[in-house]
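Chemist: Before I ask anything, let me first share the structure, which is written out below as structure tokens.
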2 protein chains.
Amino acid sequence: MSKPEASHSPPEPESTESTRRRILEAALDEFSEHGRAGARVDRIATAAKINKAMIYYHFSSKDNLYREAIADICGRIAGDVAQHALAGGTLEEVLRAIASAYAELFRSRPQLRSIFLDELARPQGEILEVIASALRDSGAPKLLFGRLQEESVSGRMREVDIKQAVTSFITLNLGYVFLHPLIDRLLGIEDTGAFMEERKTALVDLFLHGVEVRS
Amino acid sequence: MSKPEASHSPPEPESTESTRRRILEAALDEFSEHGRAGARVDRIATAAKINKAMIYYHFSSKDNLYREAIADICGRIAGDVAQHALAGGTLEEVLRAIASAYAELFRSRPQLRSIFLDELARPQGEILEVIASALRDSGAPKLLFGRLQEESVSGRMREVDIKQAVTSFITLNLGYVFLHPLIDRLLGIEDTGAFMEERKTALVDLFLHGVEVRS
DNA sequence: TATATATAACTAAACAGTTGGTTAAACCAA
DNA sequence: TTGGTTTAACCAACTGTTTAGTTATATATA
């Protein structure tokens with residue numbers, strides 16, 4: 001006595017939050033993989049296992065979905081970075097903690113990388129501001145800036161422009177994350193993961209030596 | 001006695017090279033501004049002042065046009081960088097020359113930045129190889145690697161992993177170029193151009209101090 | 001020398017498929 | 001019954017690409 005399968009039987013209605021979440025997650029994957037212009041709404045719908053119209057019901061437009069998907073994940077960045085217990089300690093300890101935090105951020109949230117690169121390639125003020133805020137709220141830039149100022153004032157660090165120094169540390173960290181497809185080819189690096197692991201130590205080492213007072 | 005205007009009268013045929021050049025230039029602008037998926041063939045045709053069908057006559061497909069436009073401009077990179085007379089001199093002089101070359105490359109060819117970021121975001125082996133080859137052929141990576149090895153062997157440089165050191169120098173240089181929209185926001189930098197100028201000196205300074213033997 | 005032919009470059013129009021988005025109706029839990 | 005959620009079908013515009021026709025020019029041929 002088998003029940004006739006309905007030609008269309010919608011799954012049990014879920015909570016709004018649950019549906020939105022599924023859409024946001026599918027969207028982030030799609031935008032990460034194809035970029036904003038290359039992403040397809042119907043692919044997002046398929047991946048989220050919903051009818052395409054639901055995307056418009058919840059998010060109004062493709063563009064708005066893009067914005068909200070990024071805002072959603074950026075909202076997690078501060079928490080992710082905080083896991084690395086950025087706090088006091090020697091300058092070296094602080095730098096190591098930040099380097100680890102950044103490396104782990106992009107390792108644990110692989111969609112972030114391509115989306116950040118997209119927004120860097122063609123910045124949209126609004127979205128870039130969301131990203132910048134997230135990184136700011138992580139506390140890392142402020143901690144870095146503050147510590148470098150202390151070191152400078154106390155004479156443990158050479159006289160260098162603090163903004164340039166912070167820029168250098170950030171680019172030393174994020175540089176390989178973002179540029180590794182190119183660098184791997186230029187230098188014949190075959191194990192990106194291993195190189196990234198060594199990198200965390202190497203970049204802190206270089207930076208510390210670069211800023212310390214010559215004895 | 002006016003001649004009746006033909007309903008459609010194609011202009012005199014130009015040389016193939018001239019038409020192709022116009023298309024390639026318009027294409028590079030379009031791809032740079034909108035990305036591969038966001039670029040529109042009809043916009044490229046309008047910008048190049050040709051009939052859209054000519055793009056297919058000369059380049060077969062949008063994708064092939066993308067590839068050829070990038071290959072075309074990458075073919076110029078080696079020459080651009082060579083303008084900076086990368087040669088011998090002290091390590092500092094070599095590093096300064098390379099830093100200048102990189103900064104000038106992206107300043108003088110503004111389309112490169114977003115296109116490189118696109119390919120870094122979603123690498124296509126073939127195109128990334130064209131880009132890597134262009135940078136390789138510029139001679140800068142080899143010069144850098146070679147000089148750092150010399151310095152290491154002769155004891156003027158600390159014992160550091162050369163690949164990590166080269167990676168650091170490249171990321172110190174290209175990092176700000178690519179990440180400046182974000183860094184400017186994080187650090188409150190208002191004059192990107194001025195900061196970039198200072199950067200050339202600051203990054204070489206940091207790097208040199210970072211690798212030199214402690215006396 | 002005049003004429004025919006082939007070819008490359010070019011055109012406007014057409015094409016077929018895809019895209020983001022819309023709509024009216026159905027569904028369902030409270 | 002109500003209001004929120006969901007559906008299948010639909011839509012106009014857009015997209016990359018193709019087609020058939022035109023023109024200028026070089027070359028072959030009678």
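For the structure tokens, the naming scheme is as follows: chains receive sequential letters (A, B, ...) according to their order of presentation, residues are indexed from 1 within each chain, and ligands are indexed from 1 in presentation order.
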Would you give me, as a list in words, the residues of chain D that come within 8 Å of chain B, using only C-alpha atoms (C1' of nucleotides)?
Modeler: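 Residues of chain D within 8 Å of chain B, counting only C-alpha atoms (C1' of nucleotides): DG16, DT17, DT22, DT23 and DA24 of chain D.
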Chemist: For chain C against chain A, which residues fall within 8 Å using only C-alpha atoms (C1' of nucleotides), given as an MDAnalysis selection string?
Modeler: chainID C and resid 20:21 27:28
Chemist: Identify all chain A residues at most 6 Å from chain B by counting only C-alpha atoms; ligands do not count. Present them as an NGL selection string.
Modeler: :A and (37-38 or 114 or 117 or 121 or 168 or 171-172 or 175 or 206 or 209-210)
Chemist: Those selected residues, please, written with N, CA, C and O atoms and delivered as an mmCIF file, in the first residue's frame.
Modeler:
```
data_model
loop_
_atom_site.group_PDB
_atom_site.id
_atom_site.type_symbol
_atom_site.label_atom_id
_atom_site.label_comp_id
_atom_site.auth_asym_id
_atom_site.auth_seq_id
_atom_site.Cartn_x
_atom_site.Cartn_y
_atom_site.Cartn_z
ATOM 1 N N ALA A 37 29.660 38.626 -11.045
ATOM 2 C CA ALA A 37 29.008 38.581 -12.359
ATOM 3 C C ALA A 37 28.844 37.162 -12.876
ATOM 4 O O ALA A 37 27.910 36.867 -13.623
ATOM 5 N N GLY A 38 29.743 36.301 -12.520
ATOM 6 C CA GLY A 38 29.697 34.933 -13.032
ATOM 7 C C GLY A 38 28.776 34.009 -12.243
ATOM 8 O O GLY A 38 28.424 32.930 -12.709
ATOM 9 N N SER A 114 38.923 34.519 -2.409
ATOM 10 C CA SER A 114 38.565 35.002 -3.742
ATOM 11 C C SER A 114 37.625 36.189 -3.666
ATOM 12 O O SER A 114 37.677 37.099 -4.493
ATOM 13 N N LEU A 117 39.662 39.193 -2.889
ATOM 14 C CA LEU A 117 40.403 39.599 -4.084
ATOM 15 C C LEU A 117 39.477 40.312 -5.082
ATOM 16 O O LEU A 117 39.879 41.297 -5.712
ATOM 17 N N ALA A 121 40.020 44.005 -6.382
ATOM 18 C CA ALA A 121 40.176 44.258 -7.819
ATOM 19 C C ALA A 121 39.275 45.404 -8.273
ATOM 20 O O ALA A 121 39.685 46.266 -9.043
ATOM 21 N N SER A 168 53.716 46.916 6.099
ATOM 22 C CA SER A 168 54.652 45.835 5.784
ATOM 23 C C SER A 168 54.250 44.547 6.464
ATOM 24 O O SER A 168 54.254 43.481 5.840
ATOM 25 N N THR A 171 51.156 43.156 4.713
ATOM 26 C CA THR A 171 51.443 42.602 3.384
ATOM 27 C C THR A 171 52.315 41.353 3.471
ATOM 28 O O THR A 171 52.165 40.438 2.665
ATOM 29 N N LEU A 172 53.200 41.298 4.452
ATOM 30 C CA LEU A 172 53.976 40.075 4.640
ATOM 31 C C LEU A 172 53.032 38.902 4.955
ATOM 32 O O LEU A 172 53.247 37.779 4.507
ATOM 33 N N GLY A 175 50.113 38.793 1.890
ATOM 34 C CA GLY A 175 50.713 38.712 0.557
ATOM 35 C C GLY A 175 50.758 37.311 -0.010
ATOM 36 O O GLY A 175 50.279 37.055 -1.110
ATOM 37 N N LEU A 206 61.772 38.029 9.920
ATOM 38 C CA LEU A 206 62.243 39.127 9.069
ATOM 39 C C LEU A 206 61.769 40.467 9.603
ATOM 40 O O LEU A 206 62.536 41.439 9.690
ATOM 41 N N HIS A 209 63.616 41.536 12.876
ATOM 42 C CA HIS A 209 64.965 41.999 12.568
ATOM 43 C C HIS A 209 64.931 43.315 11.817
ATOM 44 O O HIS A 209 65.773 44.180 11.996
ATOM 45 N N GLY A 210 63.919 43.485 11.005
ATOM 46 C CA GLY A 210 63.807 44.708 10.232
ATOM 47 C C GLY A 210 63.551 45.951 11.052
ATOM 48 O O GLY A 210 63.979 47.041 10.687
#
```
Chemist: Write out as number ranges by chain all residues of segment 48-140 of chain A that backbone DSSP assigns to helix (DSSP H, G or I).
Modeler: A: 48, 52-59, 62-82, 91-108, 111-121, 125-137, 140
Chemist: If you count only C-alpha atoms (C1' of nucleotides), which residues fall within 12 Å of Asp80 of chain A, apart from same-chain ones fewer than 4 positions away, as a list in words?
Modeler: Ile73, Cys74, Gly75, Arg76, His84, Ala85, Leu86, Ile98, Ser100, Ala101, Tyr102, Ala103, Glu104, Leu105, Phe106, Arg107, Ser108, Arg109, Ala134, Leu135, Asp137, Ser138, Gly139 and Ala140 of chain A
Chemist: Residues at most 7 Å from Leu28 of chain A, counting only C-alpha atoms (C1' of nucleotides), excluding those fewer than 3 positions away in the same chain, as a list in words?
Modeler: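 Surrounding residues, per the criterion: Leu24, Glu25, Phe31, Ser32, Ala69 and Gln111 of chain A.
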Chemist: With all heavy atoms retained, could you export that selection as a compact mmCIF listing (two decimals), in the first residue's frame?
Modeler:
```txt
# COMPACT_ATOMS: atom_id res chain seq x y z
N LEU A 24 22.24 31.77 2.13
CA LEU A 24 23.48 32.53 2.34
C LEU A 24 24.72 31.64 2.15
O LEU A 24 25.72 32.06 1.56
CB LEU A 24 23.50 33.16 3.74
CG LEU A 24 22.61 34.39 3.91
CD1 LEU A 24 22.52 34.80 5.38
CD2 LEU A 24 23.10 35.56 3.06
N GLU A 25 24.62 30.43 2.66
CA GLU A 25 25.77 29.53 2.54
C GLU A 25 26.01 29.12 1.09
O GLU A 25 27.15 29.11 0.62
CB GLU A 25 25.59 28.30 3.44
CG GLU A 25 25.92 28.63 4.89
CD GLU A 25 25.51 27.52 5.86
OE1 GLU A 25 25.18 26.42 5.39
OE2 GLU A 25 25.52 27.78 7.08
N PHE A 31 29.41 32.68 -5.11
CA PHE A 31 30.11 33.94 -5.38
C PHE A 31 31.63 33.74 -5.26
O PHE A 31 32.40 34.32 -6.00
CB PHE A 31 29.65 35.05 -4.42
CG PHE A 31 28.26 35.54 -4.71
CD1 PHE A 31 27.30 35.57 -3.71
CD2 PHE A 31 27.89 35.98 -5.99
CE1 PHE A 31 26.01 36.03 -3.96
CE2 PHE A 31 26.61 36.45 -6.25
CZ PHE A 31 25.65 36.47 -5.22
N SER A 32 32.01 32.91 -4.31
CA SER A 32 33.43 32.66 -4.14
C SER A 32 34.00 31.95 -5.38
O SER A 32 35.09 32.27 -5.86
CB SER A 32 33.66 31.79 -2.90
OG SER A 32 34.99 31.35 -2.84
N ALA A 69 25.52 38.20 1.83
CA ALA A 69 26.37 37.02 2.03
C ALA A 69 27.74 37.44 2.57
O ALA A 69 28.29 36.80 3.47
CB ALA A 69 26.53 36.25 0.72
N GLN A 111 36.33 30.47 1.30
CA GLN A 111 35.62 31.36 0.37
C GLN A 111 36.09 32.81 0.47
O GLN A 111 35.88 33.59 -0.46
CB GLN A 111 34.11 31.34 0.63
CG GLN A 111 33.47 29.98 0.61
CD GLN A 111 33.29 29.45 2.01
OE1 GLN A 111 34.08 29.75 2.91
NE2 GLN A 111 32.25 28.66 2.21
```
Chemist: Identify, on the basis of only C-alpha atoms (C1' of nucleotides), every residue whose closest approach to Ile23 of chain A does not exceed 8 Å; exclude the query and any residue fewer than 2 positions from it along the same chain; express the result as a compact mmCIF listing (two decimals) with N, CA and C atoms, in the first residue's frame.
Modeler:
```
# COMPACT_ATOMS: atom_id res chain seq x y z
N THR A 19 15.94 28.83 6.26
CA THR A 19 15.98 28.98 4.80
C THR A 19 17.00 30.03 4.39
N ARG A 20 16.96 31.14 5.09
CA ARG A 20 17.93 32.21 4.76
C ARG A 20 19.36 31.70 4.90
N ARG A 21 19.61 30.95 5.93
CA ARG A 21 20.96 30.44 6.18
C ARG A 21 21.42 29.56 5.03
N GLU A 25 24.62 30.43 2.66
CA GLU A 25 25.77 29.53 2.54
C GLU A 25 26.01 29.12 1.09
N ALA A 26 24.91 28.80 0.40
CA ALA A 26 25.05 28.43 -1.01
C ALA A 26 25.56 29.62 -1.82
N ALA A 27 25.06 30.79 -1.46
CA ALA A 27 25.47 32.00 -2.20
C ALA A 27 26.95 32.28 -2.01
N ILE A 44 22.60 28.85 -7.28
CA ILE A 44 22.50 29.04 -5.82
C ILE A 44 21.25 28.35 -5.30
N ALA A 45 20.14 28.52 -6.06
CA ALA A 45 18.89 27.90 -5.63
C ALA A 45 19.02 26.38 -5.60
N ALA A 48 21.07 25.30 -2.68
CA ALA A 48 20.37 25.48 -1.40
C ALA A 48 19.11 24.62 -1.32
N ILE A 55 14.69 33.05 -3.34
CA ILE A 55 15.82 33.96 -3.18
C ILE A 55 15.34 35.40 -3.25
```
Chemist: Provide the atom CA of Ala97 of chain B to atom CA of Glu197 of chain B distance in Å, to one decimal place.
Modeler: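 Atom CA of Glu197 of chain B lies at a distance of 13.3 Å from atom CA of Ala97 of chain B.
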Chemist: Which residues are near DT23 of chain C? Cut-off 9 Å, only C-alpha atoms (C1' of nucleotides), ignore same chain within fewer than 2 positions. Put them as a list of chain:residue names.
Modeler: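 Answer for this query is C:DA25, D:DA9, D:DC10.
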Chemist: Once you have the residues from the selection above, write them out as a PDB file, in the first residue's frame, restricted to all heavy atoms.
Modeler:
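This is the output file result-v5.pdb:
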```
ATOM      1  P    DA C  25      -4.687  33.178  -9.852  1.00  0.00           P
ATOM      2  OP1  DA C  25      -5.692  32.988 -10.911  1.00  0.00           O
ATOM      3  OP2  DA C  25      -4.908  34.131  -8.736  1.00  0.00           O
ATOM      4  O5'  DA C  25      -4.344  31.756  -9.240  1.00  0.00           O
ATOM      5  C5'  DA C  25      -3.578  30.828 -10.019  1.00  0.00           C
ATOM      6  C4'  DA C  25      -2.910  29.838  -9.105  1.00  0.00           C
ATOM      7  O4'  DA C  25      -1.796  30.476  -8.417  1.00  0.00           O
ATOM      8  C3'  DA C  25      -3.827  29.277  -8.012  1.00  0.00           C
ATOM      9  O3'  DA C  25      -3.746  27.876  -8.066  1.00  0.00           O
ATOM     10  C2'  DA C  25      -3.266  29.851  -6.719  1.00  0.00           C
ATOM     11  C1'  DA C  25      -1.795  30.023  -7.077  1.00  0.00           C
ATOM     12  N9   DA C  25      -1.063  31.013  -6.283  1.00  0.00           N
ATOM     13  C8   DA C  25      -1.422  32.307  -6.014  1.00  0.00           C
ATOM     14  N7   DA C  25      -0.560  32.946  -5.262  1.00  0.00           N
ATOM     15  C5   DA C  25       0.440  32.012  -5.025  1.00  0.00           C
ATOM     16  C6   DA C  25       1.646  32.066  -4.302  1.00  0.00           C
ATOM     17  N6   DA C  25       2.071  33.160  -3.640  1.00  0.00           N
ATOM     18  N1   DA C  25       2.412  30.956  -4.271  1.00  0.00           N
ATOM     19  C2   DA C  25       1.990  29.867  -4.928  1.00  0.00           C
ATOM     20  N3   DA C  25       0.872  29.693  -5.656  1.00  0.00           N
ATOM     21  C4   DA C  25       0.148  30.814  -5.661  1.00  0.00           C
TER      22       DA C  25
ATOM     23  P    DA D   9       5.274  23.553 -14.576  1.00  0.00           P
ATOM     24  OP1  DA D   9       4.343  22.589 -15.188  1.00  0.00           O
ATOM     25  OP2  DA D   9       6.740  23.359 -14.644  1.00  0.00           O
ATOM     26  O5'  DA D   9       4.930  24.998 -15.133  1.00  0.00           O
ATOM     27  C5'  DA D   9       3.707  25.611 -14.757  1.00  0.00           C
ATOM     28  C4'  DA D   9       3.709  27.057 -15.188  1.00  0.00           C
ATOM     29  O4'  DA D   9       4.529  27.840 -14.270  1.00  0.00           O
ATOM     30  C3'  DA D   9       4.277  27.301 -16.587  1.00  0.00           C
ATOM     31  O3'  DA D   9       3.323  28.041 -17.326  1.00  0.00           O
ATOM     32  C2'  DA D   9       5.571  28.063 -16.350  1.00  0.00           C
ATOM     33  C1'  DA D   9       5.303  28.754 -15.015  1.00  0.00           C
ATOM     34  N9   DA D   9       6.499  29.068 -14.245  1.00  0.00           N
ATOM     35  C8   DA D   9       7.546  28.242 -13.952  1.00  0.00           C
ATOM     36  N7   DA D   9       8.486  28.820 -13.238  1.00  0.00           N
ATOM     37  C5   DA D   9       8.021  30.118 -13.040  1.00  0.00           C
ATOM     38  C6   DA D   9       8.551  31.236 -12.368  1.00  0.00           C
ATOM     39  N6   DA D   9       9.726  31.224 -11.722  1.00  0.00           N
ATOM     40  N1   DA D   9       7.823  32.373 -12.378  1.00  0.00           N
ATOM     41  C2   DA D   9       6.658  32.389 -13.009  1.00  0.00           C
ATOM     42  N3   DA D   9       6.049  31.402 -13.678  1.00  0.00           N
ATOM     43  C4   DA D   9       6.787  30.286 -13.660  1.00  0.00           C
ATOM     44  P    DC D  10       3.593  28.357 -18.893  1.00  0.00           P
ATOM     45  OP1  DC D  10       2.285  28.346 -19.572  1.00  0.00           O
ATOM     46  OP2  DC D  10       4.722  27.547 -19.385  1.00  0.00           O
ATOM     47  O5'  DC D  10       4.079  29.872 -18.785  1.00  0.00           O
ATOM     48  C5'  DC D  10       3.353  30.781 -17.958  1.00  0.00           C
ATOM     49  C4'  DC D  10       4.130  32.057 -17.806  1.00  0.00           C
ATOM     50  O4'  DC D  10       5.233  31.867 -16.892  1.00  0.00           O
ATOM     51  C3'  DC D  10       4.741  32.570 -19.110  1.00  0.00           C
ATOM     52  O3'  DC D  10       4.124  33.804 -19.432  1.00  0.00           O
ATOM     53  C2'  DC D  10       6.236  32.716 -18.801  1.00  0.00           C
ATOM     54  C1'  DC D  10       6.269  32.736 -17.285  1.00  0.00           C
ATOM     55  N1   DC D  10       7.539  32.249 -16.699  1.00  0.00           N
ATOM     56  C2   DC D  10       8.305  33.127 -15.913  1.00  0.00           C
ATOM     57  O2   DC D  10       7.893  34.280 -15.729  1.00  0.00           O
ATOM     58  N3   DC D  10       9.468  32.686 -15.382  1.00  0.00           N
ATOM     59  C4   DC D  10       9.874  31.432 -15.599  1.00  0.00           C
ATOM     60  N4   DC D  10      11.022  31.052 -15.053  1.00  0.00           N
ATOM     61  C5   DC D  10       9.111  30.520 -16.392  1.00  0.00           C
ATOM     62  C6   DC D  10       7.952  30.962 -16.915  1.00  0.00           C
TER      63       DC D  10
END
```
Chemist: Can you work out the spacing between atom CA of Ala82 of chain B and atom CA of Leu95 of chain B in Å, to one decimal?
Modeler: 14.2 Å
